[in-house]
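One structure is given here, and the rest of the page talks about it.
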Amino acid sequence: MSNQEENVLGAVGEATIDPKDRERGIARRAKSRVRGVNHHAYYCNDVEKTRHFYEDILEMPMTIALRIPDEVFTGKPSPYCHFFFEMGDGSSLAFFDYPDFYDGEPPFTVPTVYHHHIAVNVDSDEAIEYFRAKLESEGYACTYVDHGAFHSLYLKDPGGMNLELCYSPPSAEEFMLRAELIAHGELRKWATTRN
Ligand SMILES: [Fe+2]
């Protein structure tokens with residue numbers, strides 16, 4: 001056994017595990033209003049190279065590719081592409097290609113919480129409001145965006161990490177099925193028209 005294995009395995013001691021311990025974990029997870037990771041989003045400036053890496057090498061299907069004309073918070077024209085690669089639990093690794101911000105080589109300067117972020121699912125619109133009230137009462141500035149298929153609350157955690165709480169309403173299922181059908185065509189269109 002390596003030192004690292006000894007350190008990690010030894011750190012939990014030798015307590016006897018009771019079947020109730022397993023049930024406790026299942027019950028605890030069932031109660032959580034934060035249901036799991038929806039996506040982690042990062043940026044890129046070469047959509048085809050990124051698609052090849054995730055889809056062809058890591059075999060993660062591209063299920064969404066959106067060409068969006070305006071910046072999300074300002075509403076000003078600033079075209080970007082947002083695309084997602086699905087994993088086996090239904091969560092995704094997502095990417096932005098945002099030419100107005102991404103000149104030169106990465107890492108890029110990203111001006112809003114909408115860029116590099118992690119999104120976690122919550123179980124309802126009510127949960128968004130519930131957490132928003134708690135967060136704002138503790139001084140966290142939150143921005144709510146209704147994307148249609150996703151209802152999202154954006155904020156920074158205490159360490160500065162961009163966090164999105166998101167709820168997918170029932171209509172999101174139809175959006176996802178449609179998005180999957182056009183994803184590759186949309187990415188090709190974006191790649192051929194990007195400035
Ligand atoms: Fe997101």
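Scheme for the structure tokens: letters A, B, ... for chains in order shown; per-chain residue numbers from 1; ligand numbers from 1 in order shown.
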Would you pick out the contacts of A:Glu129 at 12 Å or less, using only C-alpha atoms, so that residues sharing its chain but fewer than 5 positions from it are not included, and give the list as a PyMOL selection string? chain A and resi 122-124+134-136+142-144+151-153+165-167
Hey, which residues sit close to ligand 1? Say within 7 Å, counting only C-alpha atoms and all ligand atoms, and write them as a PyMOL selection string. chain A and resi 39+41+114+117-119+164
Written file, previous selection with all heavy atoms, as a compact mmCIF listing (two decimals), in the first residue's frame:
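Result saved to selection.txt:
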```txt
# COMPACT_ATOMS: atom_id res chain seq x y z
N HIS A 39 -24.26 21.52 -15.50
CA HIS A 39 -23.12 21.69 -16.42
C HIS A 39 -22.02 22.49 -15.78
O HIS A 39 -22.24 23.24 -14.84
CB HIS A 39 -23.56 22.35 -17.74
CG HIS A 39 -24.20 23.70 -17.57
ND1 HIS A 39 -25.55 23.87 -17.35
CD2 HIS A 39 -23.67 24.95 -17.60
CE1 HIS A 39 -25.82 25.16 -17.25
NE2 HIS A 39 -24.69 25.84 -17.39
N ALA A 41 -19.27 25.15 -17.30
CA ALA A 41 -19.07 25.89 -18.56
C ALA A 41 -17.73 26.62 -18.54
O ALA A 41 -17.40 27.32 -17.57
CB ALA A 41 -20.20 26.88 -18.77
N TYR A 114 -21.51 34.90 -16.22
CA TYR A 114 -22.11 34.03 -17.23
C TYR A 114 -21.05 33.19 -17.95
O TYR A 114 -21.37 32.24 -18.63
CB TYR A 114 -22.85 34.91 -18.25
CG TYR A 114 -23.74 34.15 -19.19
CD1 TYR A 114 -24.69 33.26 -18.71
CD2 TYR A 114 -23.63 34.33 -20.56
CE1 TYR A 114 -25.51 32.58 -19.58
CE2 TYR A 114 -24.46 33.66 -21.43
CZ TYR A 114 -25.40 32.78 -20.93
OH TYR A 114 -26.20 32.11 -21.78
N HIS A 117 -18.25 28.97 -15.33
CA HIS A 117 -19.10 28.74 -14.16
C HIS A 117 -19.48 27.28 -14.03
O HIS A 117 -19.31 26.49 -14.95
CB HIS A 117 -20.37 29.61 -14.24
CG HIS A 117 -21.29 29.26 -15.37
ND1 HIS A 117 -21.19 29.83 -16.61
CD2 HIS A 117 -22.35 28.40 -15.44
CE1 HIS A 117 -22.15 29.33 -17.40
NE2 HIS A 117 -22.86 28.46 -16.72
N ILE A 118 -20.02 26.97 -12.85
CA ILE A 118 -20.59 25.64 -12.65
C ILE A 118 -22.07 25.82 -12.32
O ILE A 118 -22.44 26.71 -11.56
CB ILE A 118 -19.83 24.83 -11.57
CG1 ILE A 118 -20.35 23.39 -11.55
CG2 ILE A 118 -19.90 25.47 -10.22
CD1 ILE A 118 -19.37 22.41 -10.93
N ALA A 119 -22.90 24.98 -12.94
CA ALA A 119 -24.35 25.07 -12.73
C ALA A 119 -24.84 23.83 -12.02
O ALA A 119 -24.49 22.71 -12.41
CB ALA A 119 -25.07 25.22 -14.07
N GLU A 164 -24.10 28.93 -10.80
CA GLU A 164 -25.45 29.06 -11.35
C GLU A 164 -26.34 28.02 -10.67
O GLU A 164 -26.01 26.84 -10.66
CB GLU A 164 -25.41 28.82 -12.87
CG GLU A 164 -26.77 28.73 -13.53
CD GLU A 164 -26.69 28.33 -15.02
OE1 GLU A 164 -25.56 28.22 -15.57
OE2 GLU A 164 -27.75 28.11 -15.62
```
Neighbouring residues of A:Thr63 were defined as those with any atom within 8 Å, considering only C-alpha atoms; residues of the same chain fewer than 4 positions away were excluded. Please report them as a list of chain:residue names. A:Phe83, A:Phe84, A:Phe85, A:Glu86, A:Met176, A:Ala179, A:Glu180, A:Leu181, A:Ala183
Those selected residues, please, written with C-alpha atoms and delivered as a PDB file, in the first residue's frame.
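The result, stored in part.pdb:
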```pdb
ATOM      1  CA  PHE A  83     -22.352  24.217 -26.810  1.00  0.00           C
ATOM      2  CA  PHE A  84     -22.656  21.186 -24.537  1.00  0.00           C
ATOM      3  CA  PHE A  85     -21.188  17.674 -24.340  1.00  0.00           C
ATOM      4  CA  GLU A  86     -23.224  15.124 -22.430  1.00  0.00           C
ATOM      5  CA  MET A 176     -33.357  19.334 -25.401  1.00  0.00           C
ATOM      6  CA  ALA A 179     -31.528  21.047 -29.736  1.00  0.00           C
ATOM      7  CA  GLU A 180     -29.930  17.641 -30.201  1.00  0.00           C
ATOM      8  CA  LEU A 181     -31.280  17.362 -33.755  1.00  0.00           C
ATOM      9  CA  ALA A 183     -26.573  20.812 -32.764  1.00  0.00           C
TER      10      ALA A 183
END
```
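For the pair atom CA of A:Asn45 and atom CA of A:Ala149, the interatomic distance is 25.3 Å.
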Using only C-alpha atoms, which of the listed residues (A:Asp103, A:Glu48, A:Asp157, A:Glu14) sits closest to A:Gly185? A:Glu48
Fewer than 2 positions away in the same chain doesn't count, so skip those; otherwise give me all residues within 10 Å of A:Glu186, counting only C-alpha atoms, as a ChimeraX atom specification. /A:64-67,81,83,179,181-184,188-191
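Listed by chain and then by rising number, the residues of stretch 59-162 of chain A that DSSP assigns to helix (DSSP H, G or I) from the backbone are A:Asp125, A:Glu126, A:Ala127, A:Ile128, A:Glu129, A:Tyr130, A:Phe131, A:Arg132, A:Ala133, A:Lys134, A:Leu135, A:Glu136, A:Ser137.
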Find the residues around A:Asp89 up to 12 Å (only C-alpha atoms counted), leave out those fewer than 3 positions away in its own chain, and share them as a ChimeraX atom specification. /A:35-39,60,85-86,92-93
Can I get the selected residues back with C-alpha atoms, as a PDB file, in the first residue's frame?
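For reference, out.pdb as written:
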```pdb
ATOM      1  CA  ARG A  35     -29.975  17.804  -7.162  1.00  0.00           C
ATOM      2  CA  GLY A  36     -26.632  17.544  -8.936  1.00  0.00           C
ATOM      3  CA  VAL A  37     -24.412  19.181 -11.513  1.00  0.00           C
ATOM      4  CA  ASN A  38     -26.206  20.359 -14.648  1.00  0.00           C
ATOM      5  CA  HIS A  39     -23.124  21.685 -16.422  1.00  0.00           C
ATOM      6  CA  MET A  60     -19.134  12.655 -25.192  1.00  0.00           C
ATOM      7  CA  PHE A  85     -21.188  17.674 -24.340  1.00  0.00           C
ATOM      8  CA  GLU A  86     -23.224  15.124 -22.430  1.00  0.00           C
ATOM      9  CA  SER A  92     -22.625  18.236 -19.390  1.00  0.00           C
ATOM     10  CA  LEU A  93     -19.368  20.013 -19.997  1.00  0.00           C
TER      11      LEU A  93
END
```
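For the pair atom CA of A:Asn121 and atom CA of A:Ser91, the interatomic distance is 9.7 Å.
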To one decimal place in Å, what is the distance between atom CA of A:Thr16 and atom CA of A:Ser32? 26.2 Å
Can you tell me, as a short mmCIF file (atom, residue, chain, number, x, y, z; two decimals) with all heavy atoms, in the first residue's frame, which residues in stretch 26-118 of chain A count as strand (DSSP E) by DSSP?
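Okay, this is what ended up in states.cif:
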```cif
data_model
loop_
_atom_site.label_atom_id
_atom_site.label_comp_id
_atom_site.auth_asym_id
_atom_site.auth_seq_id
_atom_site.Cartn_x
_atom_site.Cartn_y
_atom_site.Cartn_z
N VAL A 34 -30.54 20.71 -3.89
CA VAL A 34 -29.54 20.85 -4.96
C VAL A 34 -29.31 19.44 -5.49
O VAL A 34 -28.74 18.59 -4.83
CB VAL A 34 -28.25 21.48 -4.42
CG1 VAL A 34 -27.23 21.61 -5.54
CG2 VAL A 34 -28.53 22.85 -3.80
N ARG A 35 -29.81 19.18 -6.70
CA ARG A 35 -29.98 17.80 -7.16
C ARG A 35 -28.74 17.22 -7.83
O ARG A 35 -28.65 16.01 -8.02
CB ARG A 35 -31.16 17.72 -8.13
CG ARG A 35 -32.49 18.15 -7.55
CD ARG A 35 -32.86 17.40 -6.27
NE ARG A 35 -32.82 15.97 -6.44
CZ ARG A 35 -32.63 15.08 -5.46
NH1 ARG A 35 -32.45 15.50 -4.23
NH2 ARG A 35 -32.62 13.81 -5.70
N GLY A 36 -27.83 18.06 -8.27
CA GLY A 36 -26.63 17.54 -8.94
C GLY A 36 -26.10 18.58 -9.91
O GLY A 36 -26.68 19.66 -10.07
N VAL A 37 -25.01 18.24 -10.55
CA VAL A 37 -24.41 19.18 -11.51
C VAL A 37 -25.22 19.13 -12.80
O VAL A 37 -25.53 18.06 -13.31
CB VAL A 37 -22.95 18.81 -11.79
CG1 VAL A 37 -22.38 19.65 -12.93
CG2 VAL A 37 -22.10 19.02 -10.53
N ASN A 38 -25.58 20.29 -13.32
CA ASN A 38 -26.21 20.36 -14.65
C ASN A 38 -25.11 20.52 -15.70
O ASN A 38 -25.06 19.77 -16.65
CB ASN A 38 -27.22 21.52 -14.71
CG ASN A 38 -27.94 21.54 -16.04
OD1 ASN A 38 -27.36 21.86 -17.06
ND2 ASN A 38 -29.22 21.17 -16.03
N HIS A 39 -24.26 21.52 -15.50
CA HIS A 39 -23.12 21.69 -16.42
C HIS A 39 -22.02 22.49 -15.78
O HIS A 39 -22.24 23.24 -14.84
CB HIS A 39 -23.56 22.35 -17.74
CG HIS A 39 -24.20 23.70 -17.57
ND1 HIS A 39 -25.55 23.87 -17.35
CD2 HIS A 39 -23.67 24.95 -17.60
CE1 HIS A 39 -25.82 25.16 -17.25
NE2 HIS A 39 -24.69 25.84 -17.39
N HIS A 40 -20.85 22.28 -16.31
CA HIS A 40 -19.71 23.14 -16.03
C HIS A 40 -19.40 23.83 -17.34
O HIS A 40 -19.34 23.18 -18.39
CB HIS A 40 -18.52 22.30 -15.57
CG HIS A 40 -17.26 23.09 -15.43
ND1 HIS A 40 -16.38 23.29 -16.47
CD2 HIS A 40 -16.73 23.76 -14.38
CE1 HIS A 40 -15.37 24.03 -16.05
NE2 HIS A 40 -15.55 24.33 -14.80
N ALA A 41 -19.27 25.15 -17.30
CA ALA A 41 -19.07 25.89 -18.56
C ALA A 41 -17.73 26.62 -18.54
O ALA A 41 -17.40 27.32 -17.57
CB ALA A 41 -20.20 26.88 -18.77
N TYR A 42 -16.99 26.45 -19.61
CA TYR A 42 -15.70 27.11 -19.78
C TYR A 42 -15.70 27.77 -21.16
O TYR A 42 -16.71 27.74 -21.86
CB TYR A 42 -14.58 26.06 -19.65
CG TYR A 42 -13.23 26.65 -19.30
CD1 TYR A 42 -13.02 27.31 -18.10
CD2 TYR A 42 -12.16 26.51 -20.18
CE1 TYR A 42 -11.79 27.84 -17.78
CE2 TYR A 42 -10.91 27.05 -19.87
CZ TYR A 42 -10.73 27.70 -18.67
OH TYR A 42 -9.51 28.22 -18.36
N TYR A 43 -14.58 28.37 -21.52
CA TYR A 43 -14.57 29.07 -22.80
C TYR A 43 -13.57 28.44 -23.74
O TYR A 43 -12.67 27.70 -23.33
CB TYR A 43 -14.30 30.55 -22.61
CG TYR A 43 -13.40 30.89 -21.46
CD1 TYR A 43 -12.02 30.79 -21.57
CD2 TYR A 43 -13.95 31.32 -20.24
CE1 TYR A 43 -11.21 31.11 -20.50
CE2 TYR A 43 -13.12 31.64 -19.18
CZ TYR A 43 -11.75 31.53 -19.32
OH TYR A 43 -10.95 31.84 -18.27
N MET A 62 -22.19 15.68 -28.49
CA MET A 62 -22.60 17.08 -28.43
C MET A 62 -24.12 17.12 -28.59
O MET A 62 -24.65 16.73 -29.61
CB MET A 62 -21.94 17.89 -29.54
CG MET A 62 -22.25 19.38 -29.44
SD MET A 62 -21.32 20.38 -30.62
CE MET A 62 -22.09 19.90 -32.16
N THR A 63 -24.79 17.59 -27.57
CA THR A 63 -26.26 17.54 -27.57
C THR A 63 -26.91 18.91 -27.73
O THR A 63 -28.10 19.00 -28.00
CB THR A 63 -26.78 16.92 -26.25
OG1 THR A 63 -26.19 17.63 -25.16
CG2 THR A 63 -26.41 15.45 -26.17
N ILE A 64 -26.14 19.97 -27.51
CA ILE A 64 -26.68 21.33 -27.70
C ILE A 64 -25.58 22.17 -28.33
O ILE A 64 -24.42 22.09 -27.92
CB ILE A 64 -27.07 22.00 -26.35
CG1 ILE A 64 -28.09 21.18 -25.58
CG2 ILE A 64 -27.61 23.42 -26.59
CD1 ILE A 64 -28.44 21.78 -24.20
N ALA A 65 -25.95 22.96 -29.35
CA ALA A 65 -25.05 24.01 -29.85
C ALA A 65 -25.96 25.16 -30.26
O ALA A 65 -26.80 25.02 -31.15
CB ALA A 65 -24.22 23.52 -31.04
N LEU A 66 -25.81 26.28 -29.57
CA LEU A 66 -26.69 27.43 -29.79
C LEU A 66 -25.89 28.60 -30.31
O LEU A 66 -24.81 28.90 -29.80
CB LEU A 66 -27.36 27.84 -28.47
CG LEU A 66 -28.13 26.74 -27.72
CD1 LEU A 66 -28.56 27.26 -26.35
CD2 LEU A 66 -29.33 26.29 -28.54
N ARG A 67 -26.42 29.26 -31.33
CA ARG A 67 -25.84 30.53 -31.78
C ARG A 67 -26.74 31.62 -31.23
O ARG A 67 -27.92 31.70 -31.55
CB ARG A 67 -25.78 30.58 -33.31
CG ARG A 67 -24.82 29.54 -33.90
CD ARG A 67 -24.81 29.60 -35.42
NE ARG A 67 -26.12 29.28 -35.98
CZ ARG A 67 -26.65 29.89 -37.04
NH1 ARG A 67 -25.97 30.85 -37.66
NH2 ARG A 67 -27.84 29.54 -37.49
N ILE A 68 -26.16 32.48 -30.37
CA ILE A 68 -26.96 33.49 -29.67
C ILE A 68 -26.48 34.87 -30.13
O ILE A 68 -25.28 35.14 -30.10
CB ILE A 68 -26.76 33.38 -28.13
CG1 ILE A 68 -26.90 31.92 -27.68
CG2 ILE A 68 -27.70 34.32 -27.39
CD1 ILE A 68 -28.24 31.43 -27.34
N PRO A 69 -27.41 35.75 -30.51
CA PRO A 69 -26.97 37.03 -31.09
C PRO A 69 -26.55 38.10 -30.09
O PRO A 69 -25.73 38.96 -30.41
CB PRO A 69 -28.20 37.50 -31.88
CG PRO A 69 -29.37 36.81 -31.24
CD PRO A 69 -28.85 35.51 -30.68
N ASP A 70 -27.11 38.05 -28.84
CA ASP A 70 -26.88 39.17 -27.91
C ASP A 70 -26.23 38.72 -26.61
O ASP A 70 -26.50 37.61 -26.12
CB ASP A 70 -28.21 39.85 -27.56
CG ASP A 70 -28.95 40.33 -28.79
OD1 ASP A 70 -28.28 40.78 -29.73
OD2 ASP A 70 -30.20 40.25 -28.80
N PRO A 77 -25.89 43.56 -28.98
CA PRO A 77 -25.43 42.60 -29.97
C PRO A 77 -23.99 42.17 -29.71
O PRO A 77 -23.11 43.01 -29.57
CB PRO A 77 -25.53 43.39 -31.29
CG PRO A 77 -26.52 44.46 -31.02
CD PRO A 77 -26.37 44.82 -29.57
N SER A 78 -23.78 40.90 -29.58
CA SER A 78 -22.45 40.35 -29.33
C SER A 78 -22.57 38.84 -29.52
O SER A 78 -22.73 38.08 -28.56
CB SER A 78 -22.00 40.69 -27.90
OG SER A 78 -20.69 40.23 -27.67
N PRO A 79 -22.54 38.38 -30.78
CA PRO A 79 -22.84 36.98 -31.06
C PRO A 79 -21.87 36.02 -30.35
O PRO A 79 -20.67 36.30 -30.26
CB PRO A 79 -22.67 36.88 -32.59
CG PRO A 79 -22.72 38.27 -33.08
CD PRO A 79 -22.20 39.14 -31.98
N TYR A 80 -22.43 34.93 -29.88
CA TYR A 80 -21.59 33.89 -29.29
C TYR A 80 -22.22 32.53 -29.53
O TYR A 80 -23.38 32.41 -29.90
CB TYR A 80 -21.36 34.14 -27.79
CG TYR A 80 -22.57 34.05 -26.91
CD1 TYR A 80 -22.85 32.89 -26.19
CD2 TYR A 80 -23.43 35.14 -26.76
CE1 TYR A 80 -23.96 32.81 -25.35
CE2 TYR A 80 -24.54 35.06 -25.93
CZ TYR A 80 -24.80 33.89 -25.23
OH TYR A 80 -25.90 33.82 -24.41
N CYS A 81 -21.39 31.50 -29.31
CA CYS A 81 -21.85 30.13 -29.44
C CYS A 81 -21.70 29.45 -28.09
O CYS A 81 -20.68 29.62 -27.40
CB CYS A 81 -21.01 29.40 -30.50
SG CYS A 81 -21.55 27.73 -30.84
N HIS A 82 -22.72 28.70 -27.69
CA HIS A 82 -22.70 27.99 -26.41
C HIS A 82 -23.05 26.54 -26.72
O HIS A 82 -24.12 26.26 -27.26
CB HIS A 82 -23.75 28.62 -25.48
CG HIS A 82 -23.64 28.22 -24.05
ND1 HIS A 82 -22.50 27.67 -23.49
CD2 HIS A 82 -24.53 28.30 -23.03
CE1 HIS A 82 -22.70 27.45 -22.21
NE2 HIS A 82 -23.92 27.82 -21.90
N PHE A 83 -22.12 25.62 -26.41
CA PHE A 83 -22.35 24.22 -26.81
C PHE A 83 -21.97 23.25 -25.70
O PHE A 83 -21.11 23.53 -24.87
CB PHE A 83 -21.66 23.90 -28.14
CG PHE A 83 -20.19 24.21 -28.22
CD1 PHE A 83 -19.28 23.19 -28.45
CD2 PHE A 83 -19.72 25.51 -28.12
CE1 PHE A 83 -17.92 23.46 -28.55
CE2 PHE A 83 -18.36 25.79 -28.21
CZ PHE A 83 -17.47 24.76 -28.42
N PHE A 84 -22.66 22.08 -25.68
CA PHE A 84 -22.66 21.19 -24.54
C PHE A 84 -22.31 19.76 -24.96
O PHE A 84 -22.83 19.26 -25.97
CB PHE A 84 -24.06 21.13 -23.90
CG PHE A 84 -24.51 22.40 -23.23
CD1 PHE A 84 -24.73 23.56 -23.95
CD2 PHE A 84 -24.77 22.41 -21.86
CE1 PHE A 84 -25.18 24.72 -23.32
CE2 PHE A 84 -25.22 23.56 -21.22
CZ PHE A 84 -25.42 24.72 -21.96
N PHE A 85 -21.52 19.08 -24.12
CA PHE A 85 -21.19 17.67 -24.34
C PHE A 85 -21.70 16.87 -23.15
O PHE A 85 -21.37 17.15 -21.99
CB PHE A 85 -19.68 17.50 -24.50
CG PHE A 85 -19.16 18.27 -25.68
CD1 PHE A 85 -18.70 19.57 -25.53
CD2 PHE A 85 -19.18 17.72 -26.95
CE1 PHE A 85 -18.26 20.30 -26.63
CE2 PHE A 85 -18.74 18.43 -28.05
CZ PHE A 85 -18.28 19.73 -27.88
N GLU A 86 -22.50 15.86 -23.46
CA GLU A 86 -23.22 15.12 -22.43
C GLU A 86 -22.40 13.99 -21.82
O GLU A 86 -21.67 13.29 -22.53
CB GLU A 86 -24.49 14.54 -23.06
CG GLU A 86 -25.43 13.88 -22.10
CD GLU A 86 -26.62 13.30 -22.86
OE1 GLU A 86 -26.42 12.36 -23.66
OE2 GLU A 86 -27.73 13.80 -22.67
N SER A 92 -23.39 17.87 -18.19
CA SER A 92 -22.63 18.24 -19.39
C SER A 92 -21.40 19.06 -19.06
O SER A 92 -21.37 19.76 -18.04
CB SER A 92 -23.50 19.09 -20.33
OG SER A 92 -24.62 18.37 -20.77
N LEU A 93 -20.42 19.00 -19.95
CA LEU A 93 -19.37 20.01 -20.00
C LEU A 93 -19.75 20.94 -21.14
O LEU A 93 -20.01 20.49 -22.26
CB LEU A 93 -18.00 19.39 -20.25
CG LEU A 93 -17.48 18.45 -19.16
CD1 LEU A 93 -16.06 18.00 -19.49
CD2 LEU A 93 -17.51 19.13 -17.78
N ALA A 94 -19.82 22.23 -20.84
CA ALA A 94 -20.30 23.20 -21.83
C ALA A 94 -19.20 24.21 -22.12
O ALA A 94 -18.27 24.40 -21.32
CB ALA A 94 -21.53 23.92 -21.29
N PHE A 95 -19.32 24.87 -23.26
CA PHE A 95 -18.30 25.85 -23.69
C PHE A 95 -18.95 27.07 -24.32
O PHE A 95 -20.03 26.98 -24.92
CB PHE A 95 -17.33 25.19 -24.69
CG PHE A 95 -16.56 24.10 -24.03
CD1 PHE A 95 -17.08 22.82 -23.97
CD2 PHE A 95 -15.37 24.37 -23.39
CE1 PHE A 95 -16.41 21.82 -23.29
CE2 PHE A 95 -14.69 23.37 -22.70
CZ PHE A 95 -15.21 22.10 -22.65
N PHE A 96 -18.27 28.19 -24.16
CA PHE A 96 -18.63 29.41 -24.85
C PHE A 96 -17.55 29.74 -25.87
O PHE A 96 -16.36 29.60 -25.55
CB PHE A 96 -18.67 30.61 -23.89
CG PHE A 96 -19.74 30.55 -22.85
CD1 PHE A 96 -19.41 30.25 -21.53
CD2 PHE A 96 -21.05 30.81 -23.16
CE1 PHE A 96 -20.39 30.22 -20.55
CE2 PHE A 96 -22.04 30.78 -22.19
CZ PHE A 96 -21.71 30.48 -20.89
N ASP A 97 -17.96 30.16 -27.02
CA ASP A 97 -17.03 30.86 -27.91
C ASP A 97 -17.61 32.25 -28.09
O ASP A 97 -18.69 32.42 -28.64
CB ASP A 97 -16.94 30.14 -29.27
CG ASP A 97 -15.98 30.87 -30.21
OD1 ASP A 97 -15.17 31.69 -29.72
OD2 ASP A 97 -16.04 30.63 -31.42
N HIS A 117 -18.25 28.97 -15.33
CA HIS A 117 -19.10 28.74 -14.16
C HIS A 117 -19.48 27.28 -14.03
O HIS A 117 -19.31 26.49 -14.95
CB HIS A 117 -20.37 29.61 -14.24
CG HIS A 117 -21.29 29.26 -15.37
ND1 HIS A 117 -21.19 29.83 -16.61
CD2 HIS A 117 -22.35 28.40 -15.44
CE1 HIS A 117 -22.15 29.33 -17.40
NE2 HIS A 117 -22.86 28.46 -16.72
N ILE A 118 -20.02 26.97 -12.85
CA ILE A 118 -20.59 25.64 -12.65
C ILE A 118 -22.07 25.82 -12.32
O ILE A 118 -22.44 26.71 -11.56
CB ILE A 118 -19.83 24.83 -11.57
CG1 ILE A 118 -20.35 23.39 -11.55
CG2 ILE A 118 -19.90 25.47 -10.22
CD1 ILE A 118 -19.37 22.41 -10.93
#
```
